[in-house]
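Chemist: Provided below: model.txt, containing compact mmCIF, C-alpha atoms.
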# COMPACT_ATOMS: atom_id res chain seq x y z
CA MET A 297 0.00 0.00 0.00
CA THR A 298 1.41 3.36 -0.96
CA THR A 299 1.29 6.14 1.59
CA PRO A 300 0.88 9.87 0.95
CA PHE A 301 3.32 10.65 3.74
CA ARG A 302 6.91 11.54 2.98
CA PHE A 303 9.65 11.89 5.57
CA ASP A 304 12.85 12.07 3.57
CA PRO A 305 16.07 12.20 5.62
CA VAL A 306 17.60 15.66 5.99
CA ASP A 307 21.23 16.34 6.79
CA LEU A 308 21.99 19.66 8.43
CA PRO A 309 24.68 21.60 6.54
CA ALA A 310 27.80 22.93 8.25
CA GLU A 311 26.41 26.44 8.63
CA CYS A 312 23.62 25.05 10.80
CA GLU A 313 26.06 23.56 13.28
CA THR A 314 28.04 26.80 13.37
CA LEU A 315 24.83 28.66 14.12
CA ARG A 316 23.94 26.12 16.80
CA GLU A 317 27.13 26.94 18.69
CA GLU A 318 26.35 30.66 18.45
CA VAL A 319 22.89 30.12 19.91
CA ARG A 320 24.26 27.97 22.71
CA GLY A 321 26.76 30.68 23.55
CA PHE A 322 23.99 33.28 23.66
CA ILE A 323 21.89 31.07 25.93
CA ALA A 324 24.85 30.51 28.25
CA GLU A 325 25.34 34.29 28.52
CA GLU A 326 21.64 34.80 29.27
CA LEU A 327 21.64 32.16 32.00
CA ALA A 328 24.88 33.44 33.52
CA ALA A 329 23.36 36.92 33.71
CA GLY A 330 20.33 35.50 35.51
CA TYR A 331 17.86 36.94 33.01
CA TRP A 332 15.58 33.89 33.18
CA THR A 333 15.33 30.31 34.40
CA PRO A 334 14.44 27.36 32.15
CA ASN A 335 10.74 26.60 31.81
CA SER A 336 8.89 23.54 30.55
CA ASP A 337 6.21 25.27 28.49
CA PHE A 338 7.28 27.47 25.58
CA GLY A 339 3.89 29.16 25.20
CA SER A 340 3.68 30.44 28.77
CA HIS A 341 7.34 31.41 29.19
CA ARG A 342 7.47 35.02 28.03
CA ASP A 343 9.89 37.91 28.36
CA ALA A 344 9.66 40.96 26.09
CA GLY A 345 13.24 41.90 26.93
CA PHE A 346 14.44 38.48 25.82
CA SER A 347 12.53 38.84 22.54
CA ARG A 348 14.25 42.18 21.90
CA ARG A 349 17.68 40.71 22.66
CA LEU A 350 16.96 37.78 20.37
CA GLY A 351 15.80 40.17 17.66
CA ALA A 352 19.03 42.14 18.00
CA ARG A 353 20.88 38.91 17.17
CA GLY A 354 18.84 38.56 13.98
CA TRP A 355 17.14 35.36 15.13
CA ILE A 356 13.51 36.41 14.75
CA GLY A 357 12.26 36.27 11.17
CA ILE A 358 15.55 34.60 10.35
CA THR A 359 14.30 33.27 6.99
CA TRP A 360 12.65 36.52 5.86
CA PRO A 361 14.06 38.97 3.30
CA GLN A 362 16.57 41.48 4.61
CA ARG A 363 14.47 44.39 3.36
CA TYR A 364 11.97 43.52 6.11
CA GLY A 365 14.62 43.03 8.78
CA GLY A 366 15.03 39.30 8.18
CA GLY A 367 18.19 37.27 7.87
CA GLU A 368 17.49 35.42 4.58
CA LYS A 369 18.61 32.18 6.21
CA SER A 370 17.23 28.71 5.44
CA PHE A 371 14.37 26.93 7.20
CA LEU A 372 16.95 24.47 8.48
CA GLU A 373 18.89 27.27 10.16
CA ARG A 374 15.65 28.53 11.69
CA TYR A 375 15.01 24.99 12.89
CA VAL A 376 18.34 24.91 14.70
CA VAL A 377 17.67 28.22 16.46
CA THR A 378 14.21 27.07 17.51
CA GLU A 379 15.45 23.70 18.69
CA GLU A 380 18.18 25.19 20.87
CA LEU A 381 15.89 27.80 22.43
CA LEU A 382 13.23 25.23 23.27
CA ALA A 383 15.71 22.67 24.59
CA ALA A 384 17.08 25.37 26.91
CA GLY A 385 13.60 26.37 28.11
CA ALA A 386 14.05 29.97 26.92
CA PRO A 387 11.20 32.55 27.29
CA VAL A 388 10.20 32.70 23.62
CA GLY A 389 6.45 33.24 24.10
CA CYS A 390 6.15 36.95 23.31
CA HIS A 391 7.39 36.80 19.72
CA TRP A 392 6.48 33.17 19.05
CA ILE A 393 3.25 33.49 17.06
CA ALA A 394 4.46 36.43 14.98
CA ASP A 395 7.70 34.66 14.09
CA ARG A 396 6.20 31.23 13.45
CA GLN A 397 3.09 32.01 11.45
CA SER A 398 1.82 35.62 11.35
CA GLY A 399 4.94 36.90 9.60
CA PRO A 400 5.13 34.03 7.09
CA LEU A 401 1.43 34.51 6.34
CA LEU A 402 2.01 38.20 5.55
CA LEU A 403 5.02 37.32 3.42
CA ARG A 404 2.89 34.94 1.38
CA TYR A 405 -0.45 36.75 1.19
CA GLY A 406 0.01 40.25 2.61
CA THR A 407 0.37 43.49 0.70
CA GLU A 408 3.68 45.29 0.45
CA PRO A 409 2.49 48.09 2.80
CA GLN A 410 1.47 45.44 5.35
CA ARG A 411 4.88 43.82 5.16
CA GLN A 412 6.64 47.16 5.54
CA GLU A 413 4.47 48.10 8.51
CA PHE A 414 4.64 44.91 10.56
CA LEU A 415 7.59 42.68 9.64
CA PRO A 416 10.48 44.95 10.74
CA GLY A 417 8.88 45.37 14.17
CA ILE A 418 8.42 41.64 14.49
CA THR A 419 12.07 40.93 13.67
CA LYS A 420 13.14 43.45 16.34
CA GLY A 421 11.05 41.66 18.95
CA GLU A 422 8.84 44.71 19.38
CA ILE A 423 5.51 43.66 17.77
CA PHE A 424 3.62 40.63 19.08
CA PHE A 425 0.70 38.82 17.44
CA ALA A 426 -2.08 36.59 18.73
CA ILE A 427 -4.20 34.10 16.75
CA GLY A 428 -7.86 35.05 16.24
CA MET A 429 -9.37 31.78 15.01
CA SER A 430 -11.36 29.77 17.57
CA GLU A 431 -14.81 30.91 18.68
CA PRO A 432 -17.30 30.09 21.45
CA ASP A 433 -19.53 27.10 20.59
CA SER A 434 -17.40 26.18 17.56
CA GLY A 435 -15.14 23.62 19.21
CA SER A 436 -12.60 22.38 16.68
CA ASP A 437 -14.86 23.08 13.71
CA LEU A 438 -13.09 26.19 12.50
CA ALA A 439 -15.28 26.55 9.42
CA SER A 440 -18.33 27.15 11.64
CA ILE A 441 -17.16 30.58 12.83
CA ARG A 442 -19.78 33.31 13.05
CA THR A 443 -17.77 36.50 13.60
CA ARG A 444 -19.05 38.73 10.82
CA ALA A 445 -17.17 41.46 8.93
CA THR A 446 -19.65 43.71 7.16
CA PRO A 447 -18.33 46.06 4.44
CA VAL A 448 -18.60 49.75 5.36
CA CYS A 449 -17.03 52.89 3.95
CA GLY A 450 -13.25 52.45 4.06
CA GLY A 451 -13.22 48.97 5.54
CA TYR A 452 -15.22 46.50 7.63
CA GLU A 453 -17.33 46.56 10.75
CA VAL A 454 -16.59 43.41 12.75
CA THR A 455 -18.88 41.89 15.38
CA GLY A 456 -18.40 38.57 17.13
CA ALA A 457 -16.10 36.82 19.57
CA LYS A 458 -12.90 34.79 19.64
CA VAL A 459 -11.90 32.45 22.45
CA TRP A 460 -8.84 30.61 23.79
CA THR A 461 -6.77 33.48 22.38
CA SER A 462 -3.43 33.00 24.09
CA TYR A 463 -1.88 36.17 25.50
CA ALA A 464 -4.05 38.55 23.52
CA HIS A 465 -3.81 40.86 26.54
CA GLU A 466 -0.04 41.13 25.96
CA SER A 467 -0.14 41.27 22.16
CA HIS A 468 -0.47 44.19 19.77
CA TYR A 469 -2.34 42.55 16.88
CA ALA A 470 -4.28 39.42 15.97
CA ILE A 471 -4.76 38.04 12.48
CA THR A 472 -8.45 37.30 12.79
CA LEU A 473 -10.57 34.91 10.77
CA VAL A 474 -13.96 36.46 9.95
CA ARG A 475 -16.96 35.66 7.80
CA THR A 476 -17.51 38.02 4.88
CA GLY A 477 -19.91 35.68 3.05
CA GLY A 478 -20.81 32.02 2.60
CA SER A 479 -23.34 31.79 5.39
CA GLN A 480 -25.05 28.63 4.09
CA PRO A 481 -23.89 25.19 5.34
CA ALA A 482 -23.04 24.04 1.82
CA ASP A 483 -20.58 26.87 1.23
CA ARG A 484 -19.31 27.58 4.73
CA HIS A 485 -15.66 27.29 3.67
CA ARG A 486 -16.27 30.15 1.28
CA GLY A 487 -16.65 33.70 2.38
CA LEU A 488 -13.97 33.46 5.09
CA SER A 489 -11.40 36.24 5.19
CA GLN A 490 -8.52 37.32 7.41
CA LEU A 491 -8.07 40.77 8.91
CA ILE A 492 -5.21 42.28 10.89
CA LEU A 493 -6.92 43.43 14.07
CA ASP A 494 -5.33 46.14 16.22
CA LEU A 495 -6.15 44.91 19.72
CA LYS A 496 -6.30 48.47 21.05
CA THR A 497 -9.11 49.47 18.66
CA LYS A 498 -12.33 50.88 20.08
CA GLY A 499 -14.90 48.11 20.53
CA VAL A 500 -12.33 45.39 21.31
CA SER A 501 -12.76 43.87 24.79
CA ILE A 502 -10.24 41.31 26.03
CA ARG A 503 -11.60 39.19 28.87
CA PRO A 504 -9.34 36.84 30.83
CA ILE A 505 -9.99 33.10 31.02
CA ARG A 506 -8.07 31.83 34.04
CA ASN A 507 -6.85 28.26 34.15
CA LEU A 508 -7.15 25.83 37.07
CA ALA A 509 -3.98 27.27 38.60
CA GLY A 510 -5.45 30.76 38.51
CA GLU A 511 -3.08 31.94 35.82
CA HIS A 512 -4.11 34.23 32.97
CA ASP A 513 -2.98 33.06 29.56
CA PHE A 514 -6.19 32.43 27.60
CA ASN A 515 -8.64 35.17 26.69
CA GLU A 516 -12.00 35.79 25.10
CA ILE A 517 -11.97 38.68 22.63
CA VAL A 518 -15.35 40.34 22.16
CA LEU A 519 -15.71 42.51 19.05
CA ASP A 520 -18.51 45.06 19.16
CA ARG A 521 -18.83 46.85 15.81
CA VAL A 522 -15.07 47.19 15.50
CA PHE A 523 -13.88 49.15 12.47
CA VAL A 524 -11.01 47.54 10.56
CA PRO A 525 -9.59 49.51 7.59
CA SER A 526 -9.75 47.79 4.21
CA GLU A 527 -5.96 47.92 3.95
CA MET A 528 -5.84 45.45 6.87
CA LEU A 529 -7.42 42.69 4.76
CA VAL A 530 -4.88 39.90 4.32
CA GLY A 531 -4.89 38.42 0.83
CA GLN A 532 -8.14 38.23 -1.06
CA GLU A 533 -11.61 38.49 0.43
CA GLY A 534 -13.14 35.02 0.59
CA GLU A 535 -9.77 33.21 0.56
CA GLY A 536 -9.41 32.99 4.33
CA TRP A 537 -9.86 29.22 4.53
CA THR A 538 -7.07 28.58 2.05
CA GLN A 539 -4.83 31.03 3.87
CA VAL A 540 -5.54 29.58 7.32
CA THR A 541 -4.82 26.02 6.23
CA SER A 542 -1.54 27.17 4.70
CA GLU A 543 -0.40 28.15 8.20
CA LEU A 544 -0.83 24.66 9.60
CA ALA A 545 2.49 23.21 8.45
CA PHE A 546 4.26 26.07 10.25
CA GLU A 547 2.16 25.64 13.39
CA ARG A 548 2.11 21.87 13.74
CA SER A 549 5.46 20.49 12.70
CA GLY A 550 8.15 22.32 14.66
CA PRO A 551 10.19 21.05 17.62
CA GLU A 552 7.76 22.79 19.98
CA ARG A 553 5.46 19.84 19.30
CA PHE A 554 7.70 17.39 21.17
CA LEU A 555 10.04 19.48 23.35
CA SER A 556 7.53 20.94 25.82
CA SER A 557 8.54 18.35 28.43
CA HIS A 558 12.24 18.39 27.57
CA GLN A 559 13.28 19.82 30.94
CA VAL A 560 11.73 16.75 32.56
CA MET A 561 13.81 14.45 30.35
CA ARG A 562 16.96 16.39 31.25
CA GLY A 563 16.07 16.05 34.91
CA LEU A 564 15.60 12.30 34.51
CA VAL A 565 19.02 12.00 32.88
CA GLY A 566 20.43 13.83 35.90
CA GLU A 567 18.79 11.28 38.18
CA THR A 568 20.55 8.40 36.44
CA GLY A 569 23.86 10.13 36.97
CA ALA A 570 23.16 10.63 40.66
CA GLU A 571 23.21 6.91 41.45
CA PRO A 572 26.18 4.54 41.29
CA ALA A 573 23.88 2.01 39.66
CA PRO A 574 20.70 3.57 38.22
CA GLU A 575 17.56 1.47 38.39
CA PRO A 576 17.25 -0.66 35.21
CA GLU A 577 13.61 0.39 34.82
CA LEU A 578 14.60 4.07 34.76
CA THR A 579 17.41 3.60 32.23
CA LYS A 580 15.17 1.47 30.02
CA ALA A 581 12.46 4.14 30.06
CA LEU A 582 15.00 6.83 29.22
CA GLY A 583 16.28 4.79 26.31
CA THR A 584 12.74 4.36 24.98
CA MET A 585 11.99 8.08 25.34
CA ALA A 586 15.26 9.04 23.67
CA ALA A 587 14.47 6.79 20.69
CA GLU A 588 10.98 8.28 20.38
CA LEU A 589 12.35 11.82 20.67
CA TRP A 590 14.97 11.23 17.99
CA THR A 591 12.39 9.74 15.61
CA LEU A 592 10.09 12.72 16.09
CA ARG A 593 13.00 15.08 15.55
CA GLN A 594 13.88 13.40 12.27
CA MET A 595 10.26 13.62 11.11
CA SER A 596 10.03 17.28 12.11
CA LEU A 597 13.34 18.06 10.45
CA SER A 598 12.08 16.42 7.27
CA VAL A 599 9.07 18.77 7.28
CA ALA A 600 11.46 21.71 7.69
CA GLY A 601 13.27 20.47 4.61
CA MET A 602 10.00 20.37 2.66
CA LEU A 603 9.17 23.90 3.78
CA GLN A 604 12.60 24.96 2.60
CA ALA A 605 11.76 23.44 -0.79
CA GLY A 606 8.56 25.50 -0.99
CA GLU A 607 6.20 22.60 -0.33
CA THR A 608 3.14 22.58 1.95
CA PRO A 609 3.38 19.31 3.92
CA ASN A 610 0.13 19.61 5.91
CA LEU A 611 -0.37 15.84 6.26
CA GLU A 612 3.15 15.25 7.54
CA ALA A 613 2.78 18.20 9.91
CA ALA A 614 -0.46 16.75 11.33
CA LEU A 615 1.29 13.43 12.00
CA VAL A 616 4.21 15.15 13.76
CA LYS A 617 1.78 17.13 15.91
CA ASP A 618 -0.29 14.08 16.87
CA LEU A 619 2.65 11.84 17.73
CA GLY A 620 4.58 14.68 19.32
CA GLY A 621 1.70 15.70 21.56
CA ALA A 622 1.29 12.12 22.78
CA PHE A 623 5.01 11.90 23.48
CA GLU A 624 5.35 15.10 25.46
CA ARG A 625 2.23 14.26 27.47
CA ALA A 626 3.69 10.83 28.32
CA VAL A 627 7.10 12.09 29.51
CA PRO A 628 5.96 13.71 32.79
CA GLU A 629 3.70 10.76 33.55
CA ARG A 630 6.61 8.35 33.11
CA ALA A 631 8.84 10.59 35.20
CA ARG A 632 6.27 10.77 37.98
CA LEU A 633 6.16 6.98 38.21
CA LEU A 634 9.88 6.32 37.77
CA ALA A 635 11.86 9.12 39.38
CA PRO A 636 13.18 8.44 42.88
CA ARG A 637 11.91 10.68 45.65
CA ARG A 638 14.47 13.30 46.68
CA ALA A 639 14.76 16.78 48.05
CA ALA A 640 13.66 19.51 45.67
CA ASN A 641 15.83 19.52 42.54
CA ARG A 642 15.70 20.42 38.87
CA LEU A 643 13.51 17.43 38.04
CA ASP A 644 10.96 18.30 40.71
CA ALA A 645 10.51 21.85 39.42
CA ALA A 646 10.24 20.77 35.78
CA LEU A 647 7.88 17.94 36.63
CA THR A 648 5.57 20.24 38.61
CA GLN A 649 5.38 22.67 35.67
CA SER A 650 4.84 19.91 33.12
CA ILE A 651 2.05 18.23 35.05
CA LEU A 652 0.31 21.60 35.26
CA TYR A 653 0.59 22.44 31.56
CA ALA A 654 0.48 18.96 29.98
CA PRO A 655 -3.32 18.76 29.52
CA SER A 656 -3.10 21.59 26.97
CA TRP A 657 -0.37 20.04 24.86
CA THR A 658 -2.65 17.73 22.86
CA LEU A 659 -5.19 20.55 22.38
CA ARG A 660 -3.22 23.53 21.12
CA GLY A 661 -2.52 23.56 17.41
CA GLY A 662 -5.39 21.15 16.76
CA THR A 663 -6.95 18.44 18.92
CA ARG A 664 -5.91 14.83 18.43
CA GLU A 665 -9.36 14.00 17.03
CA ILE A 666 -9.06 16.67 14.32
CA LEU A 667 -5.49 15.69 13.50
CA ARG A 668 -6.39 12.03 13.18
CA GLY A 669 -9.27 12.95 10.90
CA ILE A 670 -6.80 14.78 8.65
CA ILE A 671 -4.44 11.81 8.72
CA ALA A 672 -7.27 9.37 7.97
CA ARG A 673 -8.32 11.41 4.94
CA GLY A 674 -4.72 11.48 3.77
CA LEU A 675 -4.66 7.67 3.96
CA GLY A 676 -7.96 7.41 2.10
CA LEU A 677 -9.75 5.96 5.13
CA ARG A 678 -12.57 8.53 5.23
What would you get if you wrote out this structure as structure tokens?
Modeler:
Amino acid sequence: MTTPFRFDPVDLPAECETLREEVRGFIAEELAAGYWTPNSDFGSHRDAGFSRRLGARGWIGITWPQRYGGGEKSFLERYVVTEELLAAGAPVGCHWIADRQSGPLLLRYGTEPQRQEFLPGITKGEIFFAIGMSEPDSGSDLASIRTRATPVCGGYEVTGAKVWTSYAHESHYAITLVRTGGSQPADRHRGLSQLILDLKTKGVSIRPIRNLAGEHDFNEIVLDRVFVPSEMLVGQEGEGWTQVTSELAFERSGPERFLSSHQVMRGLVGETGAEPAPEPELTKALGTMAAELWTLRQMSLSVAGMLQAGETPNLEAALVKDLGGAFERAVPERARLLAPRRAANRLDAALTQSILYAPSWTLRGGTREILRGIIARGLGLR
């Protein structure tokens, strides 16, 4: 049986390894200066100062054209930077969405004035974006959104709501999926458009959604007759569904999809070194996790190679996200059962954080049910 999935091996060129050493040196300087401590969840670990320092190094928008502040590097070089930052538990959250998908979306579909206005600020670590997709009562059915953008003189009047919008309260803009037509069930994928929403605009209310730990990361954005200028339309009106799905390979295939619990793995490795003769069960589990991690890394790296070649590997990205989410959810559970009880140490802190955040890891970027539906269609099973 032939499979539609392709995961060709990718060898990192020499310039990637040179860059890797530069990033490691930068991280060592940051840690020595005490600017931050490693964290187990990339999305919640945020520091605007760190984003600016990273931007000054040229490591945000690293693949973008130099005329927009980018570095014109390869996707493989970007992969190395991302991998090192995540493995170190760096506070990448502020610039993450803009760097990973908002900027690339504008490069592909945006107008030249939009690129000139937003991309240089993103590369400097000064402009942060949120994602305005999900809505109340829509669940994972993105095509069922009801936020309506009605044409008015000079632009659109937008009314509706977005939900689970991570860190909208600390972001400047959100690329927001709205309905400009196609209200009938048979054509609900049509008539979707994307607008760049200034989150400080009159009529925008950002309401916190606190998690079980009382922390504020998610938000509900309520839009009450918000005016958005026509020049903030991304791409063509009615092409929003095509544009949104083009973002998925960027969102679902990176090392963030299997490195969220990496600090726990590092702590477990430290536990094996603390004993003259580590428990066989612990070393066996570490070997299994290392093999799974390396396989996921090779798959993710292959997707980066396809992106570098200008392809859109949405099916491969969905598989990486599904398997990666299962892996990073399993790591803290294995650690909880296997790690010896000790005084507070690096493993304890990482494990506490991971247990707290782990329930979200198989939800963000697409639930497992949605991903497996995509994979099943790719295999011709539905």
Chemist: At a cut-off of 7 Å, using all atoms listed in the file, what residues contact Thr461 (chain A)? Leave out same-chain residues fewer than 3 positions from it and give the result as a PyMOL selection string.
Modeler: chain A and resi 426-428+458+464+514-516
Chemist: Using all atoms listed in the file, which residues sit within 9 Å of Ile418 (chain A) once same-chain residues fewer than 3 positions away are excluded, as a ChimeraX atom specification?
Modeler: /A:351,356-357,365,391,394-395,399,414-415,421-425
Chemist: Taking all atoms listed in the file into account, name the residue in A:Ala654, A:Leu597, A:Met602, A:Leu491 that is nearest to Thr443 (chain A).
Modeler: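 Ranked by minimum distance to Thr443 (chain A), first place goes to A:Leu491.
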Chemist: So which one's closest to Thr419 (chain A), A:Gln649, A:Thr378, A:Gln532, A:Ser347? Using all atoms listed in the file, please.
Modeler: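 Answer, going by the shortest atom-to-atom distance: A:Ser347.
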Chemist: So the first atom is CA of Leu401 (chain A) and the second is CA of Glu535 (chain A); what is the distance between them in Å, to one decimal place?
Modeler: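 It comes out at 12.7 Å.
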Chemist: Kindly indicate which residue among A:Phe338, A:Trp657, A:Trp392, A:Trp537 lies nearest to Leu438 (chain A), using all atoms listed in the file for the distances.
Modeler: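 Nearest candidate to Leu438 (chain A) out of A:Phe338, A:Trp657, A:Trp392, A:Trp537: A:Trp537.
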Chemist: List the neighbours of Gly389 (chain A) out to 8 Å using all atoms listed in the file; skip same-chain residues closer than 4 positions along the sequence, and give me the result as a list in words.
Modeler: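 The residues that qualify are Phe338, Gly339, Ser340, His341, Arg342, Asp343 and Ile393 of chain A.
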Chemist: I'd like the interatomic distance between CA of Phe301 (chain A) and CA of Ala613 (chain A), to a tenth of an Å.
Modeler: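 For CA of Phe301 (chain A) relative to CA of Ala613 (chain A), the distance reads 9.8 Å.
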Chemist: Please compute the CA of Ala439 (chain A)-CA of Leu488 (chain A) distance, one decimal, in Å.
Modeler: 8.3 Å
Chemist: Can you work out which one of A:Ala645, A:Leu382, A:Val565, A:Val388 has the shortest atom-to-atom distance to Arg349 (chain A), counting only C-alpha atoms?
Modeler: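 Using only C-alpha atoms, Arg349 (chain A) sits closest to A:Val388.
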Chemist: Do you know which residues are at most 12 Å from Leu652 (chain A) counting only C-alpha atoms, after dropping those on the same chain fewer than 6 positions away, and could you put them as a short mmCIF file (atom, residue, chain, number, x, y, z; two decimals) with C-alpha atoms, keeping the file's coordinate frame?
Modeler:
data_model
loop_
_atom_site.label_atom_id
_atom_site.label_comp_id
_atom_site.auth_asym_id
_atom_site.auth_seq_id
_atom_site.Cartn_x
_atom_site.Cartn_y
_atom_site.Cartn_z
CA SER A 336 8.89 23.54 30.55
CA ASP A 337 6.21 25.27 28.49
CA SER A 340 3.68 30.44 28.77
CA ASN A 507 -6.85 28.26 34.15
CA LEU A 508 -7.15 25.83 37.07
CA ALA A 509 -3.98 27.27 38.60
CA GLY A 510 -5.45 30.76 38.51
CA GLU A 511 -3.08 31.94 35.82
CA SER A 556 7.53 20.94 25.82
CA SER A 557 8.54 18.35 28.43
CA ARG A 625 2.23 14.26 27.47
CA PRO A 628 5.96 13.71 32.79
CA GLU A 629 3.70 10.76 33.55
CA ALA A 645 10.51 21.85 39.42
CA ALA A 646 10.24 20.77 35.78
#
Chemist: If we count only C-alpha atoms and set the cut-off at 10 Å, which residues sit around Gln604 (chain A), ignoring sequence neighbours fewer than 2 positions away in its own chain? Please answer as a list in words.
Modeler: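 Contacts, with the query itself left out: Thr359, Ser370, Phe371, Leu372, Ser598, Val599, Ala600, Gly601, Met602, Gly606, Glu607 and Thr608 of chain A.
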Chemist: When distances are computed from only C-alpha atoms, which of A:Glu408, A:Ala457, A:Leu529, A:Ser656 shows the smallest separation from Pro432 (chain A)?
Modeler: A:Ala457
Chemist: Atoms are missing here; could region 392-406 of chain A be completed with N, CA, C and O atoms and written as a PDB file, in the frame of the given file?
Modeler:
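Writing done, so here's selection-v7.pdb:
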ATOM      1  N   TRP A 392       6.593  34.494  19.649  1.00  0.00           N
ATOM      2  CA  TRP A 392       6.480  33.170  19.050  1.00  0.00           C
ATOM      3  C   TRP A 392       5.506  33.127  17.877  1.00  0.00           C
ATOM      4  O   TRP A 392       5.836  32.657  16.786  1.00  0.00           O
ATOM      5  N   ILE A 393       4.282  33.592  18.097  1.00  0.00           N
ATOM      6  CA  ILE A 393       3.250  33.490  17.060  1.00  0.00           C
ATOM      7  C   ILE A 393       3.617  34.343  15.847  1.00  0.00           C
ATOM      8  O   ILE A 393       3.459  33.914  14.692  1.00  0.00           O
ATOM      9  N   ALA A 394       4.096  35.546  16.092  1.00  0.00           N
ATOM     10  CA  ALA A 394       4.460  36.430  14.980  1.00  0.00           C
ATOM     11  C   ALA A 394       5.577  35.830  14.143  1.00  0.00           C
ATOM     12  O   ALA A 394       5.555  35.901  12.904  1.00  0.00           O
ATOM     13  N   ASP A 395       6.552  35.228  14.796  1.00  0.00           N
ATOM     14  CA  ASP A 395       7.700  34.660  14.090  1.00  0.00           C
ATOM     15  C   ASP A 395       7.309  33.383  13.356  1.00  0.00           C
ATOM     16  O   ASP A 395       7.704  33.164  12.211  1.00  0.00           O
ATOM     17  N   ARG A 396       6.510  32.539  14.015  1.00  0.00           N
ATOM     18  CA  ARG A 396       6.200  31.230  13.450  1.00  0.00           C
ATOM     19  C   ARG A 396       5.190  31.280  12.318  1.00  0.00           C
ATOM     20  O   ARG A 396       5.352  30.596  11.310  1.00  0.00           O
ATOM     21  N   GLN A 397       4.120  32.098  12.478  1.00  0.00           N
ATOM     22  CA  GLN A 397       3.090  32.010  11.450  1.00  0.00           C
ATOM     23  C   GLN A 397       2.508  33.333  10.972  1.00  0.00           C
ATOM     24  O   GLN A 397       2.154  33.453   9.811  1.00  0.00           O
ATOM     25  N   SER A 398       2.402  34.351  11.821  1.00  0.00           N
ATOM     26  CA  SER A 398       1.820  35.620  11.350  1.00  0.00           C
ATOM     27  C   SER A 398       2.704  36.251  10.290  1.00  0.00           C
ATOM     28  O   SER A 398       2.230  36.692   9.237  1.00  0.00           O
ATOM     29  N   GLY A 399       4.006  36.331  10.567  1.00  0.00           N
ATOM     30  CA  GLY A 399       4.940  36.900   9.600  1.00  0.00           C
ATOM     31  C   GLY A 399       4.978  36.136   8.292  1.00  0.00           C
ATOM     32  O   GLY A 399       4.857  36.727   7.209  1.00  0.00           O
ATOM     33  N   PRO A 400       5.160  34.792   8.332  1.00  0.00           N
ATOM     34  CA  PRO A 400       5.130  34.030   7.090  1.00  0.00           C
ATOM     35  C   PRO A 400       3.834  34.181   6.311  1.00  0.00           C
ATOM     36  O   PRO A 400       3.836  34.189   5.076  1.00  0.00           O
ATOM     37  N   LEU A 401       2.705  34.304   7.022  1.00  0.00           N
ATOM     38  CA  LEU A 401       1.430  34.510   6.340  1.00  0.00           C
ATOM     39  C   LEU A 401       1.438  35.840   5.581  1.00  0.00           C
ATOM     40  O   LEU A 401       1.004  35.915   4.424  1.00  0.00           O
ATOM     41  N   LEU A 402       1.946  36.899   6.214  1.00  0.00           N
ATOM     42  CA  LEU A 402       2.010  38.200   5.550  1.00  0.00           C
ATOM     43  C   LEU A 402       2.989  38.172   4.384  1.00  0.00           C
ATOM     44  O   LEU A 402       2.759  38.820   3.355  1.00  0.00           O
ATOM     45  N   LEU A 403       4.068  37.438   4.529  1.00  0.00           N
ATOM     46  CA  LEU A 403       5.020  37.320   3.420  1.00  0.00           C
ATOM     47  C   LEU A 403       4.363  36.652   2.213  1.00  0.00           C
ATOM     48  O   LEU A 403       4.636  37.020   1.065  1.00  0.00           O
ATOM     49  N   ARG A 404       3.494  35.697   2.463  1.00  0.00           N
ATOM     50  CA  ARG A 404       2.890  34.940   1.380  1.00  0.00           C
ATOM     51  C   ARG A 404       1.670  35.628   0.789  1.00  0.00           C
ATOM     52  O   ARG A 404       1.477  35.649  -0.429  1.00  0.00           O
ATOM     53  N   TYR A 405       0.832  36.217   1.653  1.00  0.00           N
ATOM     54  CA  TYR A 405      -0.450  36.750   1.190  1.00  0.00           C
ATOM     55  C   TYR A 405      -0.610  38.251   1.410  1.00  0.00           C
ATOM     56  O   TYR A 405      -1.514  38.853   0.818  1.00  0.00           O
ATOM     57  N   GLY A 406       0.200  38.850   2.258  1.00  0.00           N
ATOM     58  CA  GLY A 406       0.010  40.250   2.610  1.00  0.00           C
ATOM     59  C   GLY A 406       0.406  41.200   1.494  1.00  0.00           C
ATOM     60  O   GLY A 406       1.076  40.830   0.527  1.00  0.00           O
TER      61      GLY A 406
END
